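Peer 1: Just one file: entry.cif, with mmCIF, C-alpha atoms.
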```cif
data_work
loop_
_atom_site.group_PDB
_atom_site.id
_atom_site.type_symbol
_atom_site.label_atom_id
_atom_site.label_comp_id
_atom_site.auth_asym_id
_atom_site.auth_seq_id
_atom_site.Cartn_x
_atom_site.Cartn_y
_atom_site.Cartn_z
ATOM 1 C CA MET A 1 -219.146 23.793 41.606
ATOM 2 C CA LEU A 2 -218.506 21.389 44.444
ATOM 3 C CA SER A 3 -217.785 17.753 43.844
ATOM 4 C CA GLU A 4 -220.437 15.455 45.265
ATOM 5 C CA ALA A 5 -217.914 14.183 47.839
ATOM 6 C CA ALA A 6 -217.136 17.742 48.974
ATOM 7 C CA TYR A 7 -220.835 18.567 49.159
ATOM 8 C CA LYS A 8 -221.569 15.461 51.244
ATOM 9 C CA ARG A 9 -218.697 16.479 53.540
ATOM 10 C CA VAL A 10 -220.394 19.867 54.089
ATOM 11 C CA VAL A 11 -223.667 18.084 54.900
ATOM 12 C CA ARG A 12 -221.901 15.781 57.390
ATOM 13 C CA ILE A 13 -220.035 18.678 59.045
ATOM 14 C CA SER A 14 -223.284 20.631 59.432
ATOM 15 C CA ALA A 15 -224.939 17.532 60.898
ATOM 16 C CA ALA A 16 -222.093 17.055 63.385
ATOM 17 C CA TYR A 17 -222.322 20.730 64.377
ATOM 18 C CA ASP A 18 -226.076 20.369 64.946
ATOM 19 C CA LEU A 19 -225.585 17.214 66.981
ATOM 20 C CA ILE A 20 -223.050 18.881 69.289
ATOM 21 C CA VAL A 21 -224.995 22.124 69.685
ATOM 22 C CA THR A 22 -228.465 20.659 70.159
ATOM 23 C CA ALA A 23 -227.772 17.506 72.191
ATOM 24 C CA PRO A 24 -227.953 19.499 75.463
ATOM 25 C CA PHE A 25 -231.504 20.539 74.533
ATOM 26 C CA MET A 26 -232.775 16.956 74.652
ATOM 27 C CA THR A 27 -233.304 16.694 78.401
ATOM 28 C CA PRO A 28 -234.843 19.201 80.824
ATOM 29 C CA TRP A 29 -231.793 18.910 83.108
ATOM 30 C CA SER A 30 -229.186 19.676 80.479
ATOM 31 C CA LEU A 31 -231.417 22.347 78.939
ATOM 32 C CA VAL A 32 -231.777 24.163 82.266
ATOM 33 C CA LEU A 33 -227.998 23.997 82.711
ATOM 34 C CA VAL A 34 -227.335 25.402 79.212
ATOM 35 C CA LEU A 35 -229.902 28.164 79.635
ATOM 36 C CA GLY A 36 -228.272 29.112 82.943
ATOM 37 C CA LEU A 37 -224.867 29.319 81.238
ATOM 38 C CA PHE A 38 -226.343 31.452 78.449
ATOM 39 C CA ASP A 39 -227.923 33.758 81.007
ATOM 40 C CA GLN A 40 -224.610 34.145 82.869
ATOM 41 C CA LEU A 41 -222.735 34.862 79.615
ATOM 42 C CA HIS A 42 -225.416 37.333 78.529
ATOM 43 C CA LEU A 43 -225.157 39.207 81.837
ATOM 44 C CA TRP A 44 -221.340 39.046 81.905
ATOM 45 C CA LEU A 45 -221.153 40.591 78.420
ATOM 46 C CA GLY A 46 -223.710 43.236 79.401
ATOM 47 C CA LEU A 47 -225.800 42.569 76.317
ATOM 48 C CA PRO A 48 -229.193 44.105 75.639
ATOM 49 C CA GLY A 49 -232.233 41.876 75.452
ATOM 50 C CA GLN A 50 -233.004 39.028 77.766
ATOM 51 C CA ILE A 51 -233.093 35.331 78.385
ATOM 52 C CA PRO A 52 -236.396 34.788 80.186
ATOM 53 C CA ALA A 53 -236.944 32.200 82.866
ATOM 54 C CA PHE A 54 -238.241 29.038 81.208
ATOM 55 C CA GLU A 55 -241.401 27.413 82.472
ATOM 56 C CA THR A 56 -242.518 23.844 81.830
ATOM 57 C CA THR A 57 -244.106 24.595 78.441
ATOM 58 C CA HIS A 58 -240.974 26.421 77.252
ATOM 59 C CA LEU A 59 -238.855 23.459 78.310
ATOM 60 C CA LEU A 60 -241.221 21.107 76.481
ATOM 61 C CA PHE A 61 -240.929 22.954 73.162
ATOM 62 C CA ALA A 62 -237.165 23.468 73.483
ATOM 63 C CA GLY A 63 -236.730 19.777 74.323
ATOM 64 C CA LEU A 64 -238.879 18.731 71.363
ATOM 65 C CA MET A 65 -236.812 20.962 69.066
ATOM 66 C CA GLY A 66 -233.582 19.539 70.455
ATOM 67 C CA SER A 67 -234.809 15.969 70.053
ATOM 68 C CA VAL A 68 -235.945 16.470 66.459
ATOM 69 C CA VAL A 69 -232.718 18.224 65.447
ATOM 70 C CA VAL A 70 -230.590 15.483 67.036
ATOM 71 C CA VAL A 71 -232.528 12.770 65.180
ATOM 72 C CA TRP A 72 -232.284 14.789 61.928
ATOM 73 C CA SER A 73 -228.522 15.134 62.506
ATOM 74 C CA LEU A 74 -228.123 11.409 63.045
ATOM 75 C CA ALA A 75 -230.124 10.694 59.868
ATOM 76 C CA ARG A 76 -227.868 12.982 57.807
ATOM 77 C CA LEU A 77 -224.743 11.408 59.280
ATOM 78 C CA ARG A 78 -225.982 7.846 58.812
ATOM 79 C CA LEU A 79 -227.629 8.127 55.379
ATOM 80 C CA ASN A 80 -224.971 10.390 53.833
ATOM 81 C CA LEU A 81 -227.301 11.516 51.021
ATOM 82 C CA ALA A 82 -226.591 14.774 49.205
ATOM 83 C CA ILE A 83 -230.312 15.595 48.826
ATOM 84 C CA LEU A 84 -230.610 15.905 52.612
ATOM 85 C CA GLY A 85 -228.371 18.963 52.382
ATOM 86 C CA ARG A 86 -231.024 20.746 50.328
ATOM 87 C CA TYR A 87 -233.697 20.014 52.920
ATOM 88 C CA ASP A 88 -231.330 21.051 55.700
ATOM 89 C CA ALA A 89 -230.639 24.350 53.925
ATOM 90 C CA LEU A 90 -234.372 25.103 53.984
ATOM 91 C CA ALA A 91 -234.586 24.236 57.681
ATOM 92 C CA ARG A 92 -231.605 26.509 58.377
ATOM 93 C CA LEU A 93 -233.283 29.385 56.559
ATOM 94 C CA CYS A 94 -236.320 28.910 58.807
ATOM 95 C CA PHE A 95 -234.167 28.718 61.952
ATOM 96 C CA ALA A 96 -232.206 31.837 60.951
ATOM 97 C CA ALA A 97 -235.420 33.767 60.266
ATOM 98 C CA TRP A 98 -236.842 32.834 63.678
ATOM 99 C CA GLN A 99 -233.577 33.707 65.424
ATOM 100 C CA ILE A 100 -233.395 37.116 63.730
ATOM 101 C CA PHE A 101 -237.048 37.715 64.594
ATOM 102 C CA ALA A 102 -236.367 36.816 68.239
ATOM 103 C CA VAL A 103 -233.369 39.147 68.542
ATOM 104 C CA ALA A 104 -235.295 41.958 66.832
ATOM 105 C CA ASN A 105 -238.006 41.476 69.462
ATOM 106 C CA GLY A 106 -235.812 41.560 72.559
ATOM 107 C CA ALA A 107 -234.053 38.186 72.776
ATOM 108 C CA THR A 108 -230.366 38.062 73.595
ATOM 109 C CA PRO A 109 -228.005 38.877 70.718
ATOM 110 C CA LEU A 110 -226.085 35.725 71.700
ATOM 111 C CA LEU A 111 -228.481 33.975 69.319
ATOM 112 C CA LEU A 112 -226.782 35.697 66.393
ATOM 113 C CA ALA A 113 -223.709 33.502 66.872
ATOM 114 C CA PHE A 114 -225.926 30.517 66.048
ATOM 115 C CA THR A 115 -227.572 32.472 63.237
ATOM 116 C CA ALA A 116 -224.181 32.928 61.579
ATOM 117 C CA PHE A 117 -223.725 29.135 61.479
ATOM 118 C CA GLU A 118 -227.289 28.633 60.212
ATOM 119 C CA ILE A 119 -226.742 31.062 57.351
ATOM 120 C CA GLY A 120 -223.235 29.782 56.590
ATOM 121 C CA PHE A 121 -224.227 26.114 56.433
ATOM 122 C CA GLY A 122 -227.458 27.028 54.639
ATOM 123 C CA VAL A 123 -225.608 28.881 51.886
ATOM 124 C CA ALA A 124 -223.038 26.086 51.577
ATOM 125 C CA GLN A 125 -225.826 23.538 51.158
ATOM 126 C CA VAL A 126 -227.588 25.411 48.347
ATOM 127 C CA LEU A 127 -224.424 25.609 46.240
ATOM 128 C CA PRO A 128 -224.516 23.554 43.064
ATOM 129 C CA HIS A 129 -222.619 20.291 43.144
ATOM 130 C CA ARG A 130 -221.953 17.478 40.762
ATOM 131 C CA GLY A 131 -224.831 15.065 40.923
ATOM 132 C CA SER A 132 -227.413 17.740 41.767
ATOM 133 C CA PRO A 133 -230.394 18.087 39.417
ATOM 134 C CA ARG A 134 -229.257 21.566 38.354
ATOM 135 C CA ALA A 135 -225.768 20.312 37.568
ATOM 136 C CA ALA A 136 -227.149 17.288 35.713
ATOM 137 C CA SER A 137 -229.486 19.413 33.586
ATOM 138 C CA GLY A 138 -226.548 21.656 32.673
ATOM 139 C CA VAL A 139 -224.538 18.623 31.589
ATOM 140 C CA LEU A 140 -227.452 17.236 29.579
ATOM 141 C CA ALA A 141 -228.067 20.591 27.898
ATOM 142 C CA SER A 142 -224.406 20.909 26.887
ATOM 143 C CA GLN A 143 -224.444 17.408 25.374
ATOM 144 C CA SER A 144 -227.457 18.127 23.153
#
```
Write the structure described by the file as structure tokens, please.

Peer 2:
Amino acid sequence: MLSEAAYKRVVRISAAYDLIVTAPFMTPWSLVLVLGLFDQLHLWLGLPGQIPAFETTHLLFAGLMGSVVVVWSLARLRLNLAILGRYDALARLCFAAWQIFAVANGATPLLLAFTAFEIGFGVAQVLPHRGSPRAASGVLASQS
């Protein structure tokens, strides 16, 4: 069982990771640059699948996702509440599922590098920790 301080550290590290990785998705200019770099890396590695050319609507949805994740990251860093780790774990499960779905349907396997972080941070944030309701109910049950 993690201490609450250790658990909060995991939540902050995952938030910092998200901030760094998704900040380039916030503007159309940086997003186009990142997508171009991904495309070059994908081609250089000779990977199967594809990175399609993004049109305005694609850029809109990717930019919205980047903006929301950056704000969510800043909230987790600023508020430093353990409960936010539980919500983040659920979001990571959703992101991982969509990434796996995309790769299974022809997207570049480069996405799986991100999926590994989603699953890793997601698992770390569902672990029991002191101060969590599960841990508290175990303590209360042992005191009865």

Peer 1: My list of candidates is A:Gly122, A:Arg76, A:Pro109, A:Ile83. Which is closest to A:Phe95 when distances are computed with only C-alpha atoms?

Peer 2: A:Gly122

Peer 1: Using Å and a single decimal, report how far atom CA of A:Phe38 sits from atom CA of A:Ala75.

Peer 2: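 Rounded to one decimal, the two atoms are 28.1 Å apart.
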
Peer 1: How far is it from atom CA of A:Leu111 to atom CA of A:Leu77, in Å with one decimal?

Peer 2: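 Between these atoms lies a distance of 25.0 Å.
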
Peer 1: Of the residues A:Leu112, A:Ala53, A:Ala124, A:Leu60, which is the one nearest to A:Phe25, using only C-alpha atoms?

Peer 2: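 Residue with the minimum atom-to-atom distance to A:Phe25: A:Leu60.
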
Peer 1: Could you tell me how far atom CA of A:Lys8 lies from atom CA of A:Ala113, in Å and to one decimal?

Peer 2: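 Those two atoms sit 24.0 Å apart.
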
Peer 1: Between A:Gln99, A:Thr57, A:Ser30, A:Asn80, which one has atoms that come closest to A:Val11, using all atoms listed in the file?

Peer 2: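 Using all atoms listed in the file, the shortest distance to A:Val11 belongs to A:Asn80.
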
Peer 1: Would you translate the PyMOL selection byres ((chain A and resi 103-108) around 12) into the concrete set of residues it matches in this file, as a PyMOL selection string?

Peer 2: chain A and resi 35+38-43+45-52+96-102+109-115

Peer 1: Taking (-221.7, 18.1, 56.3) in the file's coordinates as the center, which residues reach within 9 Å of it, counting all atoms listed in the file, put as number ranges by chain?

Peer 2: A: 6-17, 76-77, 80, 85, 121, 125

Peer 1: Store the residues picked out above, limited to C-alpha atoms, as a short mmCIF file (atom, residue, chain, number, x, y, z; two decimals), keeping the file's coordinate frame.

Peer 2:
```cif
data_model
loop_
_atom_site.label_atom_id
_atom_site.label_comp_id
_atom_site.auth_asym_id
_atom_site.auth_seq_id
_atom_site.Cartn_x
_atom_site.Cartn_y
_atom_site.Cartn_z
CA ALA A 6 -217.14 17.74 48.97
CA TYR A 7 -220.84 18.57 49.16
CA LYS A 8 -221.57 15.46 51.24
CA ARG A 9 -218.70 16.48 53.54
CA VAL A 10 -220.39 19.87 54.09
CA VAL A 11 -223.67 18.08 54.90
CA ARG A 12 -221.90 15.78 57.39
CA ILE A 13 -220.04 18.68 59.04
CA SER A 14 -223.28 20.63 59.43
CA ALA A 15 -224.94 17.53 60.90
CA ALA A 16 -222.09 17.06 63.38
CA TYR A 17 -222.32 20.73 64.38
CA ARG A 76 -227.87 12.98 57.81
CA LEU A 77 -224.74 11.41 59.28
CA ASN A 80 -224.97 10.39 53.83
CA GLY A 85 -228.37 18.96 52.38
CA PHE A 121 -224.23 26.11 56.43
CA GLN A 125 -225.83 23.54 51.16
#
```
